[in-house]
Amino acid sequence: MNNKKDVKGFLEFVYEFYKSMKAHEITLIYEGEITHQITKAFTSLTESNMSKDDEPNSVQRKVFHVMVECLQNISKHADDFTSSDYLFSGRGIFLVSKGDNEYSVTTGNAVENDKIEYLTELLENINKMEKDELKELYKRQMKEGRLSEKGGAGLGFIDIKRKTGKELEYHFLPISDDTSFFLLTSTISRSEL
Amino acid sequence: METIKIQGTEDTPKIILDAENEIMEISGRSLPEDVSSFYEPVINWLNEYAENPNKKTIINFKLTYFNTASSKLLLDILMKLEEMHEKGHDVLIRWHYPEDDEDMEEAGEEYADIVDVPFEQVAYS
């Protein structure tokens, strides 16, 4: 960006980006490696914003829960790509938006195509379950499931659905022949249940 | 036996395991970076304690938040206590939850369903 025109173009892009963030009511956006430090920083930032806004405790707790599980999903499950590809392990995008009626937490990360079927089945299954079924599934998975090497318990999606009471929306977009971008959105109602 | 005292942080709970003074407590927030290694000393301590426990064992859980990975490790701890109870030892679990936190209350109910051990729910404000 040596020449003035490029700089101007870039700054205009930044302004467009800013406007677009405002239009979508995005309060936090991040792209990069999701580490434990990042998880702590984002949750505490969002927490202090919510308490400044006098958000009810129950809403604050739910947003906190969903954020932690979503961030840990990426840090623990984002696929290991050994190549120098930018889509390597533990990376992804993370964003939080705040609308009049709800918060939404969205993550995006690369996954290998052969995981799509499994993830779809898992999410569809959780989405169609009622409260009591989810409770039984959580209990069973907690008892019988094992922690993965990275510390995942296979409970995150179930927990999100239970805490929010809303279906998890997801989408896979092709990146290459072997990989796709996995997007997941959870919404948390701002009115107390 | 050795006493375990771990100060709570923003992502790890405060833990006191003191057999001599009969104080056992896990409180605060639990979302450690590595749950298994964080809770390993607790499980080890309980294994040793279970060999020769006090006449009565009361353990207090007063968590304000725990992530799903921690929920699995908490169950491991509770199952250790269940084992002691099965062997005829006097064990009581006190599950403290903020009175306005239904999810934490429900989490206690769920654990009480899974493990067969005297379980008391205590609401606090």
# chains A, B, ... in the order shown; residues from 1 in each chain; ligands from 1
>>> interface_residues(of="chain A", to="chain B", cutoff="10 Å", atoms="only C-alpha atoms", output="compact mmCIF listing (two decimals) with C-alpha atoms, in the first residue's frame")
# COMPACT_ATOMS: atom_id res chain seq x y z
CA THR A 35 -6.83 -20.19 22.11
CA HIS A 36 -7.83 -20.41 25.71
CA GLN A 37 -6.58 -16.83 26.26
CA THR A 39 -11.77 -17.49 24.92
CA LYS A 40 -11.19 -15.83 28.29
CA SER A 44 -15.02 -11.36 29.85
CA ASN A 57 -28.51 -12.52 34.76
CA SER A 58 -30.11 -15.47 33.06
CA ARG A 61 -25.27 -16.74 31.80
CA LYS A 62 -26.70 -18.25 28.62
CA PHE A 64 -21.51 -16.96 28.39
CA HIS A 65 -22.28 -20.68 28.13
CA VAL A 66 -22.84 -20.58 24.39
CA VAL A 68 -17.47 -20.83 25.69
CA GLU A 69 -18.81 -23.95 24.00
CA GLN A 72 -13.94 -24.46 22.51
CA LYS A 135 -31.45 -34.06 29.09
CA GLU A 136 -31.25 -37.85 28.82
CA TYR A 138 -26.57 -35.24 27.94
CA LYS A 139 -26.61 -37.51 30.96
CA ARG A 140 -25.84 -40.57 28.89
CA GLN A 141 -23.03 -38.87 26.98
CA MET A 142 -21.53 -37.53 30.21
CA LYS A 143 -21.55 -41.02 31.71
CA GLU A 144 -20.47 -43.04 28.72
CA GLY A 145 -18.55 -40.58 26.59
CA ARG A 146 -14.83 -40.13 26.82
CA LEU A 147 -12.81 -36.97 26.73
CA SER A 148 -10.96 -36.62 23.45
CA GLU A 149 -7.24 -35.97 23.43
CA LYS A 150 -7.93 -32.25 23.18
CA GLY A 151 -10.43 -32.37 26.01
CA GLY A 152 -13.70 -32.37 24.09
CA ALA A 153 -16.54 -34.20 25.78
CA GLY A 154 -18.97 -34.31 22.84
CA LEU A 155 -21.45 -32.32 24.89
CA GLY A 156 -21.16 -28.83 23.42
CA PHE A 157 -23.96 -28.91 20.84
CA ILE A 158 -26.35 -30.61 23.26
CA ASP A 159 -25.58 -28.00 25.89
CA ILE A 160 -26.14 -25.10 23.47
CA ARG A 162 -30.51 -27.00 26.03
CA LYS A 163 -29.40 -23.57 27.19
>>> atom_distance(atom1="atom CA of B:Leu81", atom2="atom CA of B:Phe38")
18.5 Å
>>> select_by_dssp(residues="chain B", states="alpha helix (DSSP H)", output="ChimeraX atom specification")
/B:35-51,68-86,102-114
>>> residues_around(residues="A:Glu169", least_positions_apart="4", cutoff="8 Å", atoms="only C-alpha atoms", output="CSV table (one decimal) with N, CA and C atoms, in the first residue's frame")
chain,number,residue,atom,x,y,z
A,184,LEU,N,-21.8,-22.1,12.0
A,184,LEU,CA,-22.8,-22.5,13.0
A,184,LEU,C,-23.3,-21.2,13.7
A,185,THR,N,-24.6,-21.1,13.8
A,185,THR,CA,-25.1,-19.9,14.6
A,185,THR,C,-26.1,-20.4,15.7
A,186,SER,N,-25.9,-19.8,16.9
A,186,SER,CA,-26.8,-20.1,18.0
A,186,SER,C,-27.4,-18.8,18.4
>>> decode(residues="stretch 80-124 of chain B", atoms="N, CA and C atoms", output="PDB file, in the first residue's frame")
ATOM      1  N   LYS B  80     -16.681 -41.184  42.249  1.00  0.00           N
ATOM      2  CA  LYS B  80     -15.720 -41.625  43.265  1.00  0.00           C
ATOM      3  C   LYS B  80     -16.400 -41.606  44.647  1.00  0.00           C
ATOM      4  N   LEU B  81     -17.190 -40.563  44.883  1.00  0.00           N
ATOM      5  CA  LEU B  81     -17.899 -40.443  46.155  1.00  0.00           C
ATOM      6  C   LEU B  81     -18.993 -41.510  46.274  1.00  0.00           C
ATOM      7  N   GLU B  82     -19.596 -41.827  45.146  1.00  0.00           N
ATOM      8  CA  GLU B  82     -20.608 -42.876  45.118  1.00  0.00           C
ATOM      9  C   GLU B  82     -19.984 -44.229  45.520  1.00  0.00           C
ATOM     10  N   GLU B  83     -18.794 -44.446  44.993  1.00  0.00           N
ATOM     11  CA  GLU B  83     -18.060 -45.676  45.316  1.00  0.00           C
ATOM     12  C   GLU B  83     -17.844 -45.794  46.830  1.00  0.00           C
ATOM     13  N   MET B  84     -17.469 -44.655  47.441  1.00  0.00           N
ATOM     14  CA  MET B  84     -17.249 -44.656  48.890  1.00  0.00           C
ATOM     15  C   MET B  84     -18.543 -44.972  49.625  1.00  0.00           C
ATOM     16  N   HIS B  85     -19.621 -44.372  49.137  1.00  0.00           N
ATOM     17  CA  HIS B  85     -20.929 -44.591  49.732  1.00  0.00           C
ATOM     18  C   HIS B  85     -21.328 -46.067  49.628  1.00  0.00           C
ATOM     19  N   GLU B  86     -21.048 -46.650  48.472  1.00  0.00           N
ATOM     20  CA  GLU B  86     -21.371 -48.071  48.264  1.00  0.00           C
ATOM     21  C   GLU B  86     -20.620 -48.975  49.213  1.00  0.00           C
ATOM     22  N   LYS B  87     -19.424 -48.528  49.586  1.00  0.00           N
ATOM     23  CA  LYS B  87     -18.622 -49.344  50.507  1.00  0.00           C
ATOM     24  C   LYS B  87     -19.064 -49.156  51.959  1.00  0.00           C
ATOM     25  N   GLY B  88     -20.107 -48.366  52.153  1.00  0.00           N
ATOM     26  CA  GLY B  88     -20.649 -48.215  53.494  1.00  0.00           C
ATOM     27  C   GLY B  88     -20.202 -46.974  54.241  1.00  0.00           C
ATOM     28  N   HIS B  89     -19.449 -46.107  53.571  1.00  0.00           N
ATOM     29  CA  HIS B  89     -19.016 -44.877  54.234  1.00  0.00           C
ATOM     30  C   HIS B  89     -20.134 -43.830  54.200  1.00  0.00           C
ATOM     31  N   ASP B  90     -20.088 -42.951  55.202  1.00  0.00           N
ATOM     32  CA  ASP B  90     -21.097 -41.905  55.324  1.00  0.00           C
ATOM     33  C   ASP B  90     -20.679 -40.711  54.456  1.00  0.00           C
ATOM     34  N   VAL B  91     -21.371 -40.517  53.343  1.00  0.00           N
ATOM     35  CA  VAL B  91     -20.994 -39.460  52.393  1.00  0.00           C
ATOM     36  C   VAL B  91     -22.204 -38.575  52.097  1.00  0.00           C
ATOM     37  N   LEU B  92     -21.977 -37.265  52.071  1.00  0.00           N
ATOM     38  CA  LEU B  92     -23.048 -36.343  51.696  1.00  0.00           C
ATOM     39  C   LEU B  92     -22.514 -35.303  50.716  1.00  0.00           C
ATOM     40  N   ILE B  93     -23.267 -35.106  49.642  1.00  0.00           N
ATOM     41  CA  ILE B  93     -22.898 -34.071  48.674  1.00  0.00           C
ATOM     42  C   ILE B  93     -23.856 -32.909  48.842  1.00  0.00           C
ATOM     43  N   ARG B  94     -23.285 -31.718  49.022  1.00  0.00           N
ATOM     44  CA  ARG B  94     -24.131 -30.522  49.083  1.00  0.00           C
ATOM     45  C   ARG B  94     -23.900 -29.721  47.817  1.00  0.00           C
ATOM     46  N   TRP B  95     -24.964 -29.533  47.080  1.00  0.00           N
ATOM     47  CA  TRP B  95     -24.899 -28.815  45.801  1.00  0.00           C
ATOM     48  C   TRP B  95     -25.512 -27.428  45.991  1.00  0.00           C
ATOM     49  N   HIS B  96     -24.656 -26.412  46.043  1.00  0.00           N
ATOM     50  CA  HIS B  96     -25.145 -25.049  46.258  1.00  0.00           C
ATOM     51  C   HIS B  96     -25.341 -24.364  44.912  1.00  0.00           C
ATOM     52  N   TYR B  97     -26.455 -23.669  44.773  1.00  0.00           N
ATOM     53  CA  TYR B  97     -26.691 -22.946  43.509  1.00  0.00           C
ATOM     54  C   TYR B  97     -27.345 -21.601  43.803  1.00  0.00           C
ATOM     55  N   PRO B  98     -27.037 -20.585  42.984  1.00  0.00           N
ATOM     56  CA  PRO B  98     -27.680 -19.284  43.169  1.00  0.00           C
ATOM     57  C   PRO B  98     -29.180 -19.461  42.980  1.00  0.00           C
ATOM     58  N   GLU B  99     -29.968 -18.864  43.840  1.00  0.00           N
ATOM     59  CA  GLU B  99     -31.414 -19.157  43.821  1.00  0.00           C
ATOM     60  C   GLU B  99     -32.097 -18.792  42.507  1.00  0.00           C
ATOM     61  N   ASP B 100     -31.480 -17.875  41.745  1.00  0.00           N
ATOM     62  CA  ASP B 100     -32.109 -17.509  40.470  1.00  0.00           C
ATOM     63  C   ASP B 100     -31.515 -18.282  39.284  1.00  0.00           C
ATOM     64  N   ASP B 101     -30.706 -19.278  39.573  1.00  0.00           N
ATOM     65  CA  ASP B 101     -30.059 -19.999  38.482  1.00  0.00           C
ATOM     66  C   ASP B 101     -30.639 -21.404  38.311  1.00  0.00           C
ATOM     67  N   GLU B 102     -31.683 -21.465  37.480  1.00  0.00           N
ATOM     68  CA  GLU B 102     -32.373 -22.744  37.274  1.00  0.00           C
ATOM     69  C   GLU B 102     -31.478 -23.796  36.633  1.00  0.00           C
ATOM     70  N   ASP B 103     -30.611 -23.329  35.733  1.00  0.00           N
ATOM     71  CA  ASP B 103     -29.744 -24.292  35.048  1.00  0.00           C
ATOM     72  C   ASP B 103     -28.795 -24.979  36.028  1.00  0.00           C
ATOM     73  N   MET B 104     -28.272 -24.208  36.980  1.00  0.00           N
ATOM     74  CA  MET B 104     -27.358 -24.800  37.954  1.00  0.00           C
ATOM     75  C   MET B 104     -28.107 -25.732  38.909  1.00  0.00           C
ATOM     76  N   GLU B 105     -29.342 -25.363  39.215  1.00  0.00           N
ATOM     77  CA  GLU B 105     -30.175 -26.224  40.056  1.00  0.00           C
ATOM     78  C   GLU B 105     -30.454 -27.546  39.324  1.00  0.00           C
ATOM     79  N   GLU B 106     -30.783 -27.414  38.047  1.00  0.00           N
ATOM     80  CA  GLU B 106     -31.080 -28.594  37.240  1.00  0.00           C
ATOM     81  C   GLU B 106     -29.842 -29.485  37.082  1.00  0.00           C
ATOM     82  N   ALA B 107     -28.681 -28.850  36.943  1.00  0.00           N
ATOM     83  CA  ALA B 107     -27.441 -29.626  36.824  1.00  0.00           C
ATOM     84  C   ALA B 107     -27.259 -30.486  38.082  1.00  0.00           C
ATOM     85  N   GLY B 108     -27.569 -29.913  39.239  1.00  0.00           N
ATOM     86  CA  GLY B 108     -27.484 -30.664  40.493  1.00  0.00           C
ATOM     87  C   GLY B 108     -28.454 -31.840  40.495  1.00  0.00           C
ATOM     88  N   GLU B 109     -29.686 -31.572  40.029  1.00  0.00           N
ATOM     89  CA  GLU B 109     -30.697 -32.644  39.970  1.00  0.00           C
ATOM     90  C   GLU B 109     -30.228 -33.786  39.071  1.00  0.00           C
ATOM     91  N   GLU B 110     -29.604 -33.405  37.958  1.00  0.00           N
ATOM     92  CA  GLU B 110     -29.143 -34.429  37.029  1.00  0.00           C
ATOM     93  C   GLU B 110     -28.055 -35.305  37.636  1.00  0.00           C
ATOM     94  N   TYR B 111     -27.120 -34.651  38.309  1.00  0.00           N
ATOM     95  CA  TYR B 111     -26.070 -35.442  38.965  1.00  0.00           C
ATOM     96  C   TYR B 111     -26.677 -36.359  40.025  1.00  0.00           C
ATOM     97  N   ALA B 112     -27.642 -35.816  40.771  1.00  0.00           N
ATOM     98  CA  ALA B 112     -28.284 -36.620  41.809  1.00  0.00           C
ATOM     99  C   ALA B 112     -28.989 -37.844  41.206  1.00  0.00           C
ATOM    100  N   ASP B 113     -29.498 -37.680  39.983  1.00  0.00           N
ATOM    101  CA  ASP B 113     -30.139 -38.808  39.276  1.00  0.00           C
ATOM    102  C   ASP B 113     -29.117 -39.868  38.878  1.00  0.00           C
ATOM    103  N   ILE B 114     -27.959 -39.400  38.451  1.00  0.00           N
ATOM    104  CA  ILE B 114     -26.963 -40.337  37.924  1.00  0.00           C
ATOM    105  C   ILE B 114     -26.261 -41.108  39.030  1.00  0.00           C
ATOM    106  N   VAL B 115     -25.839 -40.406  40.065  1.00  0.00           N
ATOM    107  CA  VAL B 115     -25.089 -41.104  41.110  1.00  0.00           C
ATOM    108  C   VAL B 115     -25.974 -41.439  42.305  1.00  0.00           C
ATOM    109  N   ASP B 116     -25.710 -42.592  42.869  1.00  0.00           N
ATOM    110  CA  ASP B 116     -26.482 -43.044  44.004  1.00  0.00           C
ATOM    111  C   ASP B 116     -25.712 -42.718  45.284  1.00  0.00           C
ATOM    112  N   VAL B 117     -25.960 -41.498  45.759  1.00  0.00           N
ATOM    113  CA  VAL B 117     -25.256 -41.033  46.955  1.00  0.00           C
ATOM    114  C   VAL B 117     -26.094 -39.900  47.568  1.00  0.00           C
ATOM    115  N   PRO B 118     -26.176 -39.810  48.900  1.00  0.00           N
ATOM    116  CA  PRO B 118     -26.985 -38.734  49.497  1.00  0.00           C
ATOM    117  C   PRO B 118     -26.600 -37.365  48.936  1.00  0.00           C
ATOM    118  N   PHE B 119     -27.604 -36.631  48.509  1.00  0.00           N
ATOM    119  CA  PHE B 119     -27.381 -35.417  47.730  1.00  0.00           C
ATOM    120  C   PHE B 119     -28.328 -34.328  48.230  1.00  0.00           C
ATOM    121  N   GLU B 120     -27.769 -33.211  48.636  1.00  0.00           N
ATOM    122  CA  GLU B 120     -28.611 -32.140  49.149  1.00  0.00           C
ATOM    123  C   GLU B 120     -28.487 -30.914  48.259  1.00  0.00           C
ATOM    124  N   GLN B 121     -29.600 -30.332  47.872  1.00  0.00           N
ATOM    125  CA  GLN B 121     -29.572 -29.114  47.063  1.00  0.00           C
ATOM    126  C   GLN B 121     -29.763 -27.912  47.989  1.00  0.00           C
ATOM    127  N   VAL B 122     -28.880 -26.926  47.885  1.00  0.00           N
ATOM    128  CA  VAL B 122     -28.960 -25.751  48.739  1.00  0.00           C
ATOM    129  C   VAL B 122     -28.970 -24.483  47.894  1.00  0.00           C
ATOM    130  N   ALA B 123     -30.076 -23.729  47.959  1.00  0.00           N
ATOM    131  CA  ALA B 123     -30.142 -22.462  47.206  1.00  0.00           C
ATOM    132  C   ALA B 123     -29.546 -21.351  48.063  1.00  0.00           C
ATOM    133  N   TYR B 124     -28.828 -20.442  47.427  1.00  0.00           N
ATOM    134  CA  TYR B 124     -28.336 -19.269  48.185  1.00  0.00           C
ATOM    135  C   TYR B 124     -28.609 -18.011  47.377  1.00  0.00           C
TER     136      TYR B 124
END
